[in-house]
Amino acid sequence: MNPDNAAVASYRPQFFDESDARDARRLAELRADATIEFTDLRDSLGKEFAELVAPPELSEGPEADRWVFYPWRNSVVGLPGPELLRTVRLDRNRNKLTRAEQQELVKQTIGVVGQSVGHAIAHTLAMEGSCGRIKLADFDTIELANLNRIPGSLFDIGVNKAVVTARRIAEIDPYLPVEVFTDGLTDANVDAFFEGLTIVVEECDSLDIKLAVREAARRYEIPLLMETSDRGLLDIERFDLEPTREPFHGLLGGVGRADLRGLSTRDKAPYVVRILDAFGLSDRFAASLVEIDQTLDSWPQLAGDVQLGGATVAAAVRRLGLGGALPSGRTRVDLSTSLDAIAEPEPVTELVWPAQDVRAVPQTDVDAVLACAQLAPSGGNVQPWKLRREPAAIVIELDPARSSGMDIGYRGSAVAVGAALYNARAAAAARGLLGESELRAGAPGRHSIDRAPLTAVLHFSDWSEPELARAYPDLLTRVTNRRLGTGEPADPGVLHQLATTAAKAEGGLRWIADPGDLETAAILLAASDQYRYLTPVLHAEMFSELRWPADDLRTGLDLRTMEFAPDEFAKLDIARRADVMDRIREWNGGVALGEPTLDRVRSASALAAVTFPTPSLGDPAELIAYARAGETLQRVWIEAQRHGLTVQPMSPVFLFARRTEDLRTVSPEFADTLTSLQGRFLDLLGVPEHETVALVLRLSYAAEVTARSRRLPIPGAESR
């Protein structure tokens, strides 16, 4: 039978609304009682809510506040409404449980039969907020011998075990509905207990009641869980999926409730062994079964094992409530086995880098030209070209095999090829080999081994071009610098000089230097990086570019060149995990992933975009236009370094996208967002429609770099 009002009053607090006249009178009576203590927590809990990171919108206000009277404590507590209370109390669950998942779990009603191990389970479920209602059943009262595993107190001796559990739950969340069956589970109340249950947890000692619970779970078609506090044994019986399933996994055969009723502890032992598997029991528990009624009153249980059971069942309840896979069967969460497997963790060792390569001195003038071409910048230092010697020329072919997802239409590779051609021309001018150069584009969609998308050719002659020759030593020392800048404003005259340099190469330069504009740019570029991390293909490519000490350092980005701060480096092993990125994407999170870019742009002196006249989409000459912009890039870069500025190319995902369709091939999930970021970024820089961005440069005043990116050997040099 359901508990009466007197019984309910023994474990359920009473709620009072101060705006209700009758409640106000009752509160006044309680205040007049000197033995009753009043505590008002509303302001302090409201402050906690206000200090939450990203608090949710609440549907309740101060009208939901209540005074809560705990008769068994002679105390009245002023509390905010249930929504605020639970939001603050469960906030530290995030994101082990998201708010959406928490709301899903609240739909569950859990029944717990037996309140020894069951106490730990019910209390854990309440603490985690893994259900919206709990039903508890136990006929027994607390004895001193129970306090080795039930977290009650001496003041609970003689109190019904289920009532003790309910009181403890009420003291962490009085709004959580808890229903108590102090007669335990009987034929008379079993239907009332099971009504509305989502899951039942069986933790009682009586074997006939254990069977009765399973028969009811099968009848109501709900899953049953049982944790046995010996070697962490957990049983799952999915009567919701298998309504004809035999109880106890069929281990008791045809034994019925009548066979199990009224057994002594000693008489239960054979059935317990059949259910639990004699070979699976711990040696201490198994040996204890032999000693029952001789040197022991009953089988032993330890508080730690009981608390572990609470955690194990709570994990299973979460999985069931969130629709995860949990088949019928059993498993063990055996701490003793885990402790037997203790091992020293892998030591954290400092990365030991090989000595920096000393650049080989070119043996011939042609070697010098090829070596300088090889020093050109490229995204991820992939060097997306093939260099080839010919009798009176060198050839630089764009290599599609070294492209990446962000290299839309090979546009980034074309910029790199153009930069390499400019480097080669400068070296040839300095070495007295300069002649004509040409750029040839292959037909789109028809690339083959014999026909590259873009080919640059430098013919050798003896032309003289002093200004170009003067660039040669600067190109040899050109370097990407990712260190934080000082934030010192860039000299406007220098920026105008850089624009003049770009114009001489028939390109353009658009820049921002105002701190407010730099802050906006930092936010936009950081957001682009966030979506780069969260796009699986781009994430994989990004980390494939990074090089550790044991890697081939001749391509990719030597980690030292990234100039990571200690905290950034520490986060690297987490950021490289695809499963972590999947989870963050699921949560619509990841703003922090853009922090390195955010910090670097904030520390910049200016941000500049190298531009060129917009080519026609689909025109075979499009890649030639991007290649010519590569020359503009190199001219601007070395001019900036001559004026003491450091340079870091910025690579937003949208850099080489010319339409939203481009981004749909790169990052389908975030294409629209990236298109919006691109539009806002171009507007910020004032890039007109008739100009296209070849590359974005962060200009700063910063310390010297830790290391320079290395390069592959030039063709033909290995044999000499």
# chains A, B, ... in the order shown; residues from 1 in each chain; ligands from 1
>>> residues_around(residues="stretch 370-372 of chain A", least_positions_apart="3", cutoff="10 Å", atoms="only C-alpha atoms", output="PyMOL selection string")
chain A and resi 359-362+364-367+375-376+387-389+394-396+420-428+472-473+475-476+711-717
>>> residues_around(residues="A:Leu498", least_positions_apart="4", cutoff="8 Å", atoms="only C-alpha atoms", output="MDAnalysis selection string")
chainID A and resid 494 502 509 636 639:640
>>> residues_around(residues="A:Met581", least_positions_apart="5", cutoff="8 Å", atoms="only C-alpha atoms", output="ChimeraX atom specification")
/A:533-534,536,575
>>> closest_residue(among="A:Glu57, A:Glu346, A:Asp283, A:Asp230", to="A:Pro300", atoms="only C-alpha atoms")
A:Asp230
>>> closest_atom_pairs(of="stretch 133-223 of chain A", to="stretch 258-272 of chain A", cutoff="10 Å", atoms="only C-alpha atoms", output="Markdown table")
| residue | atom | partner | partner_atom | distance |
| --- | --- | --- | --- | --- |
| A:Asp205 | CA | A:Thr265 | CA | 9.2 |
| A:Ser206 | CA | A:Arg261 | CA | 7.5 |
| A:Leu207 | CA | A:Leu260 | CA | 5.7 |
| A:Asp208 | CA | A:Leu260 | CA | 4.9 |
| A:Ile209 | CA | A:Arg261 | CA | 8.1 |
| A:Lys210 | CA | A:Leu260 | CA | 9.4 |
| A:Leu211 | CA | A:Leu260 | CA | 8.6 |
>>> closest_residue(among="A:Ala316, A:Ala550, A:Ala430, A:Val333", to="A:Val352", atoms="only C-alpha atoms")
A:Ala550
>>> residues_around(residues="A:Val178", least_positions_apart="5", cutoff="10 Å", atoms="only C-alpha atoms", output="PDB file with C-alpha atoms, in the first residue's frame")
ATOM      1  CA  VAL A   8       5.450  10.935   4.160  1.00  0.00           C
ATOM      2  CA  TYR A  11      10.964  11.880   5.017  1.00  0.00           C
ATOM      3  CA  ARG A  12       9.510  14.658   2.854  1.00  0.00           C
ATOM      4  CA  THR A 109      11.640   7.368 -12.793  1.00  0.00           C
ATOM      5  CA  ILE A 110      13.932   4.930 -11.004  1.00  0.00           C
ATOM      6  CA  GLY A 111      12.834   2.353  -8.480  1.00  0.00           C
ATOM      7  CA  ALA A 126      19.943  12.038  -7.023  1.00  0.00           C
ATOM      8  CA  GLY A 132      13.171  13.079 -12.206  1.00  0.00           C
ATOM      9  CA  ARG A 133      11.584  10.794  -9.626  1.00  0.00           C
ATOM     10  CA  ILE A 134      12.749   8.011  -7.279  1.00  0.00           C
ATOM     11  CA  LYS A 135      10.864   5.222  -5.575  1.00  0.00           C
ATOM     12  CA  LEU A 136      12.492   3.456  -2.621  1.00  0.00           C
ATOM     13  CA  VAL A 163      13.306   6.820   5.012  1.00  0.00           C
ATOM     14  CA  THR A 165      17.789   7.420   2.074  1.00  0.00           C
ATOM     15  CA  ALA A 166      14.875   9.711   1.262  1.00  0.00           C
ATOM     16  CA  ARG A 167      15.879  12.224   3.930  1.00  0.00           C
ATOM     17  CA  ILE A 169      18.178  12.976  -0.893  1.00  0.00           C
ATOM     18  CA  ALA A 170      15.804  15.689   0.327  1.00  0.00           C
TER      19      ALA A 170
END
>>> closest_residue(among="A:His539, A:Arg231, A:Arg319, A:Arg94", to="A:Ser338", atoms="only C-alpha atoms")
A:Arg231
>>> atom_distance(atom1="atom CA of A:Val106", atom2="atom CA of A:Cys204")
25.1 Å
>>> select_by_dssp(residues="stretch 385-547 of chain A", states="strand (DSSP E or B)", output="NGL selection string")
:A and (385-390 or 393-398 or 434-441 or 448 or 451 or 454-460 or 480 or 508-512 or 546-547)
>>> write_last_selection(atoms="N, CA and C atoms", output="tab-separated table (two decimals), in the first residue's frame")
chain	number	residue	atom	x	y	z
A	385	TRP	N	55.46	21.82	-54.98
A	385	TRP	CA	56.01	21.95	-56.31
A	385	TRP	C	57.00	20.82	-56.58
A	386	LYS	N	57.31	20.65	-57.85
A	386	LYS	CA	58.41	19.79	-58.27
A	386	LYS	C	59.40	20.67	-59.01
A	387	LEU	N	60.63	20.65	-58.55
A	387	LEU	CA	61.69	21.43	-59.20
A	387	LEU	C	62.44	20.53	-60.18
A	388	ARG	N	62.73	21.08	-61.32
A	388	ARG	CA	63.42	20.28	-62.33
A	388	ARG	C	64.46	21.12	-63.05
A	389	ARG	N	65.63	20.56	-63.25
A	389	ARG	CA	66.68	21.22	-64.04
A	389	ARG	C	66.49	20.89	-65.51
A	390	GLU	N	66.74	21.86	-66.33
A	390	GLU	CA	66.82	21.63	-67.77
A	390	GLU	C	68.12	22.28	-68.25
A	393	ALA	N	67.40	26.11	-68.23
A	393	ALA	CA	66.25	26.63	-67.49
A	393	ALA	C	66.02	25.77	-66.25
A	394	ILE	N	65.18	26.28	-65.37
A	394	ILE	CA	64.62	25.45	-64.30
A	394	ILE	C	63.11	25.49	-64.45
A	395	VAL	N	62.46	24.42	-64.04
A	395	VAL	CA	61.01	24.29	-64.14
A	395	VAL	C	60.44	24.06	-62.75
A	396	ILE	N	59.38	24.78	-62.43
A	396	ILE	CA	58.68	24.63	-61.14
A	396	ILE	C	57.25	24.23	-61.47
A	397	GLU	N	56.90	22.98	-61.17
A	397	GLU	CA	55.56	22.49	-61.47
A	397	GLU	C	54.74	22.35	-60.19
A	398	LEU	N	53.51	22.84	-60.24
A	398	LEU	CA	52.61	22.66	-59.11
A	398	LEU	C	52.29	21.17	-58.98
A	434	LEU	N	69.91	35.58	-64.99
A	434	LEU	CA	68.52	35.96	-65.21
A	434	LEU	C	68.17	36.01	-66.69
A	435	GLY	N	67.02	35.38	-66.99
A	435	GLY	CA	66.48	35.45	-68.34
A	435	GLY	C	64.97	35.54	-68.26
A	436	GLU	N	64.29	35.23	-69.34
A	436	GLU	CA	62.83	35.31	-69.37
A	436	GLU	C	62.22	34.24	-68.46
A	437	SER	N	61.01	34.55	-67.97
A	437	SER	CA	60.26	33.57	-67.20
A	437	SER	C	58.84	33.52	-67.73
A	438	GLU	N	58.18	32.42	-67.51
A	438	GLU	CA	56.81	32.28	-68.00
A	438	GLU	C	56.01	31.40	-67.05
A	439	LEU	N	54.69	31.62	-67.06
A	439	LEU	CA	53.75	30.82	-66.28
A	439	LEU	C	52.76	30.20	-67.25
A	440	ARG	N	52.55	28.90	-67.12
A	440	ARG	CA	51.61	28.21	-67.99
A	440	ARG	C	50.62	27.44	-67.12
A	441	ALA	N	49.33	27.59	-67.45
A	441	ALA	CA	48.28	26.89	-66.71
A	441	ALA	C	47.77	25.72	-67.51
A	448	SER	N	47.32	15.68	-65.32
A	448	SER	CA	47.90	14.35	-65.33
A	448	SER	C	49.36	14.48	-64.92
A	451	ARG	N	50.90	16.76	-67.23
A	451	ARG	CA	50.38	18.11	-67.38
A	451	ARG	C	50.00	18.67	-66.03
A	454	LEU	N	49.75	24.04	-63.04
A	454	LEU	CA	50.48	25.30	-63.24
A	454	LEU	C	51.97	24.98	-63.34
A	455	THR	N	52.62	25.60	-64.30
A	455	THR	CA	54.06	25.40	-64.48
A	455	THR	C	54.74	26.75	-64.63
A	456	ALA	N	55.83	26.94	-63.89
A	456	ALA	CA	56.65	28.14	-64.02
A	456	ALA	C	58.00	27.74	-64.60
A	457	VAL	N	58.47	28.51	-65.53
A	457	VAL	CA	59.75	28.23	-66.17
A	457	VAL	C	60.61	29.48	-66.12
A	458	LEU	N	61.84	29.31	-65.67
A	458	LEU	CA	62.82	30.39	-65.70
A	458	LEU	C	63.94	30.00	-66.65
A	459	HIS	N	64.05	30.75	-67.74
A	459	HIS	CA	65.13	30.52	-68.71
A	459	HIS	C	66.36	31.29	-68.26
A	460	PHE	N	67.51	30.72	-68.52
A	460	PHE	CA	68.75	31.36	-68.11
A	460	PHE	C	69.27	32.26	-69.23
A	480	THR	N	59.10	33.09	-41.21
A	480	THR	CA	57.80	33.25	-40.55
A	480	THR	C	58.04	33.35	-39.06
A	508	GLY	N	48.07	44.73	-54.66
A	508	GLY	CA	47.57	45.72	-53.72
A	508	GLY	C	47.80	45.27	-52.30
A	509	LEU	N	47.64	46.20	-51.37
A	509	LEU	CA	47.77	45.89	-49.95
A	509	LEU	C	46.67	46.62	-49.19
A	510	ARG	N	45.87	45.88	-48.47
A	510	ARG	CA	44.82	46.45	-47.62
A	510	ARG	C	45.18	46.10	-46.18
A	511	TRP	N	45.13	47.08	-45.30
A	511	TRP	CA	45.56	46.80	-43.94
A	511	TRP	C	44.67	47.47	-42.91
A	512	ILE	N	44.77	46.98	-41.69
A	512	ILE	CA	44.16	47.61	-40.53
A	512	ILE	C	45.22	47.68	-39.45
A	546	LEU	N	52.24	19.05	-38.63
A	546	LEU	CA	53.15	19.31	-37.51
A	546	LEU	C	54.22	18.22	-37.42
A	547	ARG	N	55.41	18.63	-37.04
A	547	ARG	CA	56.54	17.70	-36.98
A	547	ARG	C	57.15	17.69	-35.58
>>> residues_around(residues="A:Gly516", least_positions_apart="2", cutoff="12 Å", atoms="only C-alpha atoms", output="list in words")
Ile512, Ala513, Asp514, Leu518, Glu519, Thr520, Ala521, Ala522, Ile523, Val601, Arg602, Ala604, Ser605, Ala606 and Leu684 of chain A
>>> residues_around(residues="A:Gly129", least_positions_apart="6", cutoff="8 Å", atoms="only C-alpha atoms", output="PyMOL selection string")
chain A and resi 90+102+105-106
>>> select_by_dssp(residues="stretch 299-404 of chain A", states="helix (DSSP H, G or I)", output="ChimeraX atom specification")
/A:303-321,335-340,365-374,379-381,400-402
>>> write_last_selection(atoms="C-alpha atoms", output="mmCIF file, in the first residue's frame")
data_model
loop_
_atom_site.group_PDB
_atom_site.id
_atom_site.type_symbol
_atom_site.label_atom_id
_atom_site.label_comp_id
_atom_site.auth_asym_id
_atom_site.auth_seq_id
_atom_site.Cartn_x
_atom_site.Cartn_y
_atom_site.Cartn_z
ATOM 1 C CA ALA A 303 31.519 0.593 2.232
ATOM 2 C CA GLY A 304 33.960 1.166 -0.607
ATOM 3 C CA ASP A 305 32.470 -1.699 -2.621
ATOM 4 C CA VAL A 306 28.972 -0.386 -1.931
ATOM 5 C CA GLN A 307 29.910 3.131 -3.059
ATOM 6 C CA LEU A 308 31.498 1.654 -6.185
ATOM 7 C CA GLY A 309 28.179 -0.081 -6.839
ATOM 8 C CA GLY A 310 26.442 3.277 -6.658
ATOM 9 C CA ALA A 311 28.814 4.666 -9.285
ATOM 10 C CA THR A 312 28.509 1.604 -11.534
ATOM 11 C CA VAL A 313 24.714 1.556 -11.535
ATOM 12 C CA ALA A 314 24.609 5.314 -12.041
ATOM 13 C CA ALA A 315 26.743 4.903 -15.173
ATOM 14 C CA ALA A 316 24.368 2.217 -16.467
ATOM 15 C CA VAL A 317 21.327 4.384 -15.711
ATOM 16 C CA ARG A 318 22.881 7.276 -17.635
ATOM 17 C CA ARG A 319 23.558 5.051 -20.605
ATOM 18 C CA LEU A 320 20.033 3.662 -20.627
ATOM 19 C CA GLY A 321 18.504 7.100 -20.171
ATOM 20 C CA LEU A 335 39.102 -2.513 -8.418
ATOM 21 C CA SER A 336 41.349 -5.237 -7.013
ATOM 22 C CA THR A 337 42.271 -6.339 -10.529
ATOM 23 C CA SER A 338 42.907 -2.725 -11.460
ATOM 24 C CA LEU A 339 45.147 -2.246 -8.453
ATOM 25 C CA ASP A 340 47.063 -5.383 -9.418
ATOM 26 C CA ASP A 365 74.879 28.973 -59.690
ATOM 27 C CA VAL A 366 71.997 26.751 -60.799
ATOM 28 C CA ASP A 367 72.041 25.075 -57.369
ATOM 29 C CA ALA A 368 71.764 28.538 -55.832
ATOM 30 C CA VAL A 369 68.727 29.353 -57.974
ATOM 31 C CA LEU A 370 67.016 26.065 -57.087
ATOM 32 C CA ALA A 371 67.858 26.413 -53.396
ATOM 33 C CA CYS A 372 66.374 29.911 -53.259
ATOM 34 C CA ALA A 373 63.221 28.736 -55.031
ATOM 35 C CA GLN A 374 62.904 25.958 -52.450
ATOM 36 C CA GLY A 379 50.935 26.558 -46.483
ATOM 37 C CA GLY A 380 52.094 24.059 -43.865
ATOM 38 C CA ASN A 381 55.542 24.144 -45.506
ATOM 39 C CA PRO A 400 48.585 18.343 -56.809
ATOM 40 C CA ALA A 401 49.700 15.475 -54.565
ATOM 41 C CA ARG A 402 50.868 18.029 -52.005
#
>>> decode(residues="stretch 127-153 of chain A", atoms="N, CA and C atoms", output="PDB file, in the first residue's frame")
ATOM      1  N   MET A 127      22.225  12.814  -6.699  1.00  0.00           N
ATOM      2  CA  MET A 127      23.309  13.787  -6.807  1.00  0.00           C
ATOM      3  C   MET A 127      23.594  14.135  -8.255  1.00  0.00           C
ATOM      4  N   GLU A 128      23.572  13.130  -9.127  1.00  0.00           N
ATOM      5  CA  GLU A 128      23.882  13.372 -10.532  1.00  0.00           C
ATOM      6  C   GLU A 128      22.702  13.965 -11.296  1.00  0.00           C
ATOM      7  N   GLY A 129      21.526  13.956 -10.700  1.00  0.00           N
ATOM      8  CA  GLY A 129      20.358  14.446 -11.418  1.00  0.00           C
ATOM      9  C   GLY A 129      19.987  13.535 -12.567  1.00  0.00           C
ATOM     10  N   SER A 130      20.166  12.224 -12.380  1.00  0.00           N
ATOM     11  CA  SER A 130      19.947  11.265 -13.466  1.00  0.00           C
ATOM     12  C   SER A 130      18.512  10.770 -13.555  1.00  0.00           C
ATOM     13  N   CYS A 131      17.631  11.346 -12.772  1.00  0.00           N
ATOM     14  CA  CYS A 131      16.223  10.960 -12.850  1.00  0.00           C
ATOM     15  C   CYS A 131      15.370  12.127 -12.354  1.00  0.00           C
ATOM     16  N   GLY A 132      14.095  12.038 -12.657  1.00  0.00           N
ATOM     17  CA  GLY A 132      13.171  13.079 -12.206  1.00  0.00           C
ATOM     18  C   GLY A 132      12.282  12.620 -11.079  1.00  0.00           C
ATOM     19  N   ARG A 133      12.389  11.346 -10.711  1.00  0.00           N
ATOM     20  CA  ARG A 133      11.584  10.794  -9.626  1.00  0.00           C
ATOM     21  C   ARG A 133      12.254   9.511  -9.160  1.00  0.00           C
ATOM     22  N   ILE A 134      12.159   9.223  -7.842  1.00  0.00           N
ATOM     23  CA  ILE A 134      12.749   8.011  -7.279  1.00  0.00           C
ATOM     24  C   ILE A 134      11.718   7.339  -6.378  1.00  0.00           C
ATOM     25  N   LYS A 135      11.662   6.023  -6.496  1.00  0.00           N
ATOM     26  CA  LYS A 135      10.864   5.222  -5.575  1.00  0.00           C
ATOM     27  C   LYS A 135      11.809   4.296  -4.808  1.00  0.00           C
ATOM     28  N   LEU A 136      11.617   4.236  -3.483  1.00  0.00           N
ATOM     29  CA  LEU A 136      12.492   3.456  -2.621  1.00  0.00           C
ATOM     30  C   LEU A 136      11.660   2.436  -1.846  1.00  0.00           C
ATOM     31  N   ALA A 137      12.178   1.240  -1.722  1.00  0.00           N
ATOM     32  CA  ALA A 137      11.471   0.211  -0.962  1.00  0.00           C
ATOM     33  C   ALA A 137      12.428  -0.520  -0.040  1.00  0.00           C
ATOM     34  N   ASP A 138      12.044  -0.613   1.240  1.00  0.00           N
ATOM     35  CA  ASP A 138      12.765  -1.437   2.216  1.00  0.00           C
ATOM     36  C   ASP A 138      11.930  -1.483   3.489  1.00  0.00           C
ATOM     37  N   PHE A 139      11.752  -2.661   4.055  1.00  0.00           N
ATOM     38  CA  PHE A 139      10.955  -2.807   5.278  1.00  0.00           C
ATOM     39  C   PHE A 139      11.813  -2.686   6.525  1.00  0.00           C
ATOM     40  N   ASP A 140      13.125  -2.754   6.366  1.00  0.00           N
ATOM     41  CA  ASP A 140      14.028  -2.895   7.510  1.00  0.00           C
ATOM     42  C   ASP A 140      14.416  -1.529   8.069  1.00  0.00           C
ATOM     43  N   THR A 141      14.931  -1.537   9.303  1.00  0.00           N
ATOM     44  CA  THR A 141      15.401  -0.306   9.946  1.00  0.00           C
ATOM     45  C   THR A 141      16.919  -0.355  10.116  1.00  0.00           C
ATOM     46  N   ILE A 142      17.465   0.831  10.305  1.00  0.00           N
ATOM     47  CA  ILE A 142      18.919   0.951  10.480  1.00  0.00           C
ATOM     48  C   ILE A 142      19.343   0.350  11.816  1.00  0.00           C
ATOM     49  N   GLU A 143      20.376  -0.483  11.756  1.00  0.00           N
ATOM     50  CA  GLU A 143      21.030  -1.002  12.957  1.00  0.00           C
ATOM     51  C   GLU A 143      22.481  -0.541  12.937  1.00  0.00           C
ATOM     52  N   LEU A 144      23.108  -0.608  14.065  1.00  0.00           N
ATOM     53  CA  LEU A 144      24.502  -0.172  14.149  1.00  0.00           C
ATOM     54  C   LEU A 144      25.374  -0.943  13.161  1.00  0.00           C
ATOM     55  N   ALA A 145      25.082  -2.236  12.972  1.00  0.00           N
ATOM     56  CA  ALA A 145      25.884  -3.061  12.065  1.00  0.00           C
ATOM     57  C   ALA A 145      25.754  -2.617  10.610  1.00  0.00           C
ATOM     58  N   ASN A 146      24.705  -1.828  10.286  1.00  0.00           N
ATOM     59  CA  ASN A 146      24.544  -1.325   8.914  1.00  0.00           C
ATOM     60  C   ASN A 146      25.460  -0.148   8.618  1.00  0.00           C
ATOM     61  N   LEU A 147      25.936   0.502   9.664  1.00  0.00           N
ATOM     62  CA  LEU A 147      26.685   1.748   9.458  1.00  0.00           C
ATOM     63  C   LEU A 147      28.110   1.511   8.979  1.00  0.00           C
ATOM     64  N   ASN A 148      28.457   0.237   8.697  1.00  0.00           N
ATOM     65  CA  ASN A 148      29.745  -0.007   8.047  1.00  0.00           C
ATOM     66  C   ASN A 148      29.665   0.280   6.550  1.00  0.00           C
ATOM     67  N   ARG A 149      28.442   0.417   6.005  1.00  0.00           N
ATOM     68  CA  ARG A 149      28.288   0.602   4.565  1.00  0.00           C
ATOM     69  C   ARG A 149      27.188   1.588   4.183  1.00  0.00           C
ATOM     70  N   ILE A 150      26.237   1.823   5.088  1.00  0.00           N
ATOM     71  CA  ILE A 150      25.187   2.814   4.816  1.00  0.00           C
ATOM     72  C   ILE A 150      25.627   4.131   5.425  1.00  0.00           C
ATOM     73  N   PRO A 151      25.703   5.206   4.628  1.00  0.00           N
ATOM     74  CA  PRO A 151      26.214   6.484   5.151  1.00  0.00           C
ATOM     75  C   PRO A 151      25.178   7.224   5.990  1.00  0.00           C
ATOM     76  N   GLY A 152      24.625   6.512   7.000  1.00  0.00           N
ATOM     77  CA  GLY A 152      23.749   7.161   7.955  1.00  0.00           C
ATOM     78  C   GLY A 152      24.550   7.561   9.184  1.00  0.00           C
ATOM     79  N   SER A 153      23.850   7.700  10.299  1.00  0.00           N
ATOM     80  CA  SER A 153      24.539   8.084  11.538  1.00  0.00           C
ATOM     81  C   SER A 153      23.874   7.385  12.711  1.00  0.00           C
TER      82      SER A 153
END
